[in-house]
Amino acid sequence: MRKIGLIGGMSWFSTRTYYEDINQLVQARTSTLSSAPLLIESLDFEGLARLATPEQWASAATILSESARRLEQAGATALLIGANSMHKVYDDVAQAVSIPVIHIADAVAAKMKADGIENAALLGTRYVVMESFYRKRLIAQGISLLPPVVEEVDATDAIIYDELMQGKATRSAERTFKTMLTNMEQRGAQAAVLACTELDMVIDVDANLMPIYDGTRIHAQAAVDWILGS
């Protein structure tokens with residue numbers, strides 16, 4: 001198995017999910033005694049949350065790029081950025097190392113395209129939903145996305161930062177997203193993309209009538225494909 005590196009800590013709750021998902025998938029595809037050869041650098045999210053200015057994003061790019069180089073030097077043969085929002089600095093990170101950096105949106109787009117999905121709704125932080133760095137990866141694969149609804153974006157962003165990133169999964173948030181997903185389906189979405197690594201805490205991926213594409217789970221599957229060379 002090939003060793004893979006994870007830039008984590010953004011938040012640590014999602015990093016825990018990556019660790020569990022990757023190891024469970026490795027066991028499912030190899031043996032119950034196997035565990036993934038995985039390097040993790042857990043960054044301090046305090047200085048990386050709710051970035052607003054170009055200077056702050058430039059600093060984030062430097063922090064993640066330095067982390068990527070350390071993981072490469074430690075023996076990682078490929079890397080994951082364990083946060084959707086931080087894929088805004090993906091190009092900087094990818095240029096900082098000589099090994100592949102598996103993009104979460106590319107993994108999601110490939111699975112959706114294989115499933116024949118042509119139109120979807122996107123749920124995530126304000127950065128992810130309102131800016132182009134994630135959306136363009138899906139659009140490039142022929143997947144159109146519903147226009148953002150500001151009220152939904154604001155509600156989702158607040159739940160992510162004020163609740164999920166602090167480990168709080170409330171019934172109120174579950175109800176909010178159930179209503180939101182229903183409304184998105186009524187507006188024509190064939191599927192929904194969870195473009196935040198903590199959203200599975202309050203959205204049951206397998207219990208919705210509309211297909212739900214959990215970016216974290218799909219990213220983990222892509223990581224295991226790399227680890228196993230498949």
# chains A, B, ... in the order shown; residues from 1 in each chain; ligands from 1
$ residues_around --residues "A:Met184" --least-positions-apart "6" --cutoff "12 Å" --atoms "only C-alpha atoms" --output "list in words"
Asn119, Ala120, Ala121, Leu122, Leu123, Leu145, Leu146, Pro147, Pro148, Val149, Glu152, Phe177, Lys178, Gln190, Ala191, Ala192, Val193, Met210, Pro211 and Ile212 of chain A
$ write_last_selection --atoms "C-alpha atoms" --output "PDB file, in the first residue's frame"
ATOM      1  CA  ASN A 119     -27.834  19.330 -12.180  1.00  0.00           C
ATOM      2  CA  ALA A 120     -27.116  19.636  -8.470  1.00  0.00           C
ATOM      3  CA  ALA A 121     -27.302  21.854  -5.404  1.00  0.00           C
ATOM      4  CA  LEU A 122     -24.178  22.771  -3.464  1.00  0.00           C
ATOM      5  CA  LEU A 123     -24.056  23.033   0.335  1.00  0.00           C
ATOM      6  CA  LEU A 145     -25.380  23.993 -10.194  1.00  0.00           C
ATOM      7  CA  LEU A 146     -28.403  25.773  -8.782  1.00  0.00           C
ATOM      8  CA  PRO A 147     -27.819  29.485  -8.183  1.00  0.00           C
ATOM      9  CA  PRO A 148     -27.059  30.167  -4.502  1.00  0.00           C
ATOM     10  CA  VAL A 149     -29.909  31.438  -2.319  1.00  0.00           C
ATOM     11  CA  GLU A 152     -29.642  29.317   2.629  1.00  0.00           C
ATOM     12  CA  PHE A 177     -31.142  21.010   6.200  1.00  0.00           C
ATOM     13  CA  LYS A 178     -34.070  18.651   5.628  1.00  0.00           C
ATOM     14  CA  GLN A 190     -31.190  16.056  -9.177  1.00  0.00           C
ATOM     15  CA  ALA A 191     -28.756  15.698  -6.288  1.00  0.00           C
ATOM     16  CA  ALA A 192     -27.027  17.625  -3.523  1.00  0.00           C
ATOM     17  CA  VAL A 193     -23.307  17.930  -2.827  1.00  0.00           C
ATOM     18  CA  MET A 210     -32.605  12.888  -3.394  1.00  0.00           C
ATOM     19  CA  PRO A 211     -29.088  11.488  -3.930  1.00  0.00           C
ATOM     20  CA  ILE A 212     -26.561  13.095  -1.568  1.00  0.00           C
TER      21      ILE A 212
END
$ residues_around --residues "A:Glu174" --least-positions-apart "3" --cutoff "9 Å" --atoms "only C-alpha atoms" --output "ChimeraX atom specification"
/A:169-171,177-179,201-204
$ write_last_selection --atoms "N, CA, C and O atoms" --output "PDB file, in the first residue's frame"
ATOM      1  N   ALA A 169     -24.042  18.829  17.058  1.00  0.00           N
ATOM      2  CA  ALA A 169     -24.976  18.368  16.025  1.00  0.00           C
ATOM      3  C   ALA A 169     -26.375  18.418  16.621  1.00  0.00           C
ATOM      4  O   ALA A 169     -26.739  17.590  17.463  1.00  0.00           O
ATOM      5  N   THR A 170     -27.182  19.419  16.225  1.00  0.00           N
ATOM      6  CA  THR A 170     -28.477  19.648  16.857  1.00  0.00           C
ATOM      7  C   THR A 170     -29.633  19.193  15.966  1.00  0.00           C
ATOM      8  O   THR A 170     -29.515  19.120  14.745  1.00  0.00           O
ATOM      9  N   ARG A 171     -30.761  18.900  16.610  1.00  0.00           N
ATOM     10  CA  ARG A 171     -31.963  18.546  15.857  1.00  0.00           C
ATOM     11  C   ARG A 171     -32.440  19.722  15.019  1.00  0.00           C
ATOM     12  O   ARG A 171     -32.999  19.545  13.935  1.00  0.00           O
ATOM     13  N   PHE A 177     -31.672  21.581   7.444  1.00  0.00           N
ATOM     14  CA  PHE A 177     -31.142  21.010   6.200  1.00  0.00           C
ATOM     15  C   PHE A 177     -32.158  20.122   5.503  1.00  0.00           C
ATOM     16  O   PHE A 177     -32.175  20.047   4.272  1.00  0.00           O
ATOM     17  N   LYS A 178     -33.024  19.463   6.250  1.00  0.00           N
ATOM     18  CA  LYS A 178     -34.070  18.651   5.628  1.00  0.00           C
ATOM     19  C   LYS A 178     -34.989  19.548   4.803  1.00  0.00           C
ATOM     20  O   LYS A 178     -35.332  19.227   3.655  1.00  0.00           O
ATOM     21  N   THR A 179     -35.363  20.688   5.367  1.00  0.00           N
ATOM     22  CA  THR A 179     -36.198  21.650   4.636  1.00  0.00           C
ATOM     23  C   THR A 179     -35.454  22.217   3.435  1.00  0.00           C
ATOM     24  O   THR A 179     -35.994  22.347   2.336  1.00  0.00           O
ATOM     25  N   MET A 201     -22.560  15.329   9.868  1.00  0.00           N
ATOM     26  CA  MET A 201     -22.955  15.253  11.274  1.00  0.00           C
ATOM     27  C   MET A 201     -24.461  15.498  11.437  1.00  0.00           C
ATOM     28  O   MET A 201     -25.062  15.038  12.418  1.00  0.00           O
ATOM     29  N   VAL A 202     -25.064  16.231  10.494  1.00  0.00           N
ATOM     30  CA  VAL A 202     -26.486  16.583  10.616  1.00  0.00           C
ATOM     31  C   VAL A 202     -27.299  16.242   9.371  1.00  0.00           C
ATOM     32  O   VAL A 202     -28.505  16.499   9.327  1.00  0.00           O
ATOM     33  N   ILE A 203     -26.657  15.689   8.349  1.00  0.00           N
ATOM     34  CA  ILE A 203     -27.374  15.266   7.147  1.00  0.00           C
ATOM     35  C   ILE A 203     -27.101  13.779   6.940  1.00  0.00           C
ATOM     36  O   ILE A 203     -25.955  13.375   6.748  1.00  0.00           O
ATOM     37  N   ASP A 204     -28.154  12.986   6.982  1.00  0.00           N
ATOM     38  CA  ASP A 204     -28.021  11.543   6.776  1.00  0.00           C
ATOM     39  C   ASP A 204     -27.938  11.286   5.275  1.00  0.00           C
ATOM     40  O   ASP A 204     -28.931  11.381   4.561  1.00  0.00           O
TER      41      ASP A 204
END
$ select_by_dssp --residues "stretch 113-202 of chain A" --states "helix (DSSP H, G or I)" --output "ChimeraX atom specification"
/A:113-114,126-130,132-139,150-162,164-166,171-186,199-201
$ residues_around --residues "A:Gly229" --least-positions-apart "2" --cutoff "8 Å" --atoms "only C-alpha atoms" --output "VMD selection string"
chain A and resid 1 to 2 225 to 227
$ closest_residue --among "A:Ala83, A:Met10, A:Ala223, A:Ala195" --to "A:Val129" --atoms "only C-alpha atoms"
A:Ala195
$ closest_residue --among "A:Ala61, A:Leu181, A:Leu80, A:Leu43" --to "A:Leu194" --atoms "only C-alpha atoms"
A:Leu181
$ select_by_dssp --residues "stretch 104-137 of chain A" --states "strand (DSSP E or B)" --output "list in words"
Asn119, Ala120, Ala121, Leu122 and Leu123 of chain A
$ residues_around --residues "A:Ala110" --least-positions-apart "2" --cutoff "12 Å" --atoms "only C-alpha atoms" --output "PyMOL selection string"
chain A and resi 103-108+112-118+137-143+213+215+218-219+221-222
$ atom_distance --atom1 "atom CA of A:Thr17" --atom2 "atom CA of A:Ile4"
15.6 Å
$ atom_distance --atom1 "atom CA of A:Ile99" --atom2 "atom CA of A:Cys196"
24.5 Å
$ closest_atom_pairs --of "stretch 159-192 of chain A" --to "stretch 45-57 of chain A" --cutoff "12 Å" --atoms "only C-alpha atoms" --output "Markdown table"
| residue | atom | partner | partner_atom | distance |
| --- | --- | --- | --- | --- |
| A:Ile160 | CA | A:Arg50 | CA | 11.1 |
| A:Tyr161 | CA | A:Ala49 | CA | 8.5 |
| A:Asp162 | CA | A:Arg50 | CA | 11.4 |
| A:Met165 | CA | A:Phe45 | CA | 9.9 |
| A:Gln166 | CA | A:Phe45 | CA | 11.5 |
$ write_last_selection --atoms "C-alpha atoms" --output "short mmCIF file (atom, residue, chain, number, x, y, z; two decimals), in the first residue's frame"
data_model
loop_
_atom_site.label_atom_id
_atom_site.label_comp_id
_atom_site.auth_asym_id
_atom_site.auth_seq_id
_atom_site.Cartn_x
_atom_site.Cartn_y
_atom_site.Cartn_z
CA ILE A 160 -21.04 25.06 10.14
CA TYR A 161 -18.97 27.59 12.07
CA ASP A 162 -21.09 28.08 15.19
CA MET A 165 -16.94 22.93 13.91
CA GLN A 166 -17.45 22.89 17.67
#
$ closest_residue --among "A:Glu41, A:Asp157, A:Glu66, A:Glu151" --to "A:Gly82" --atoms "only C-alpha atoms"
A:Glu41
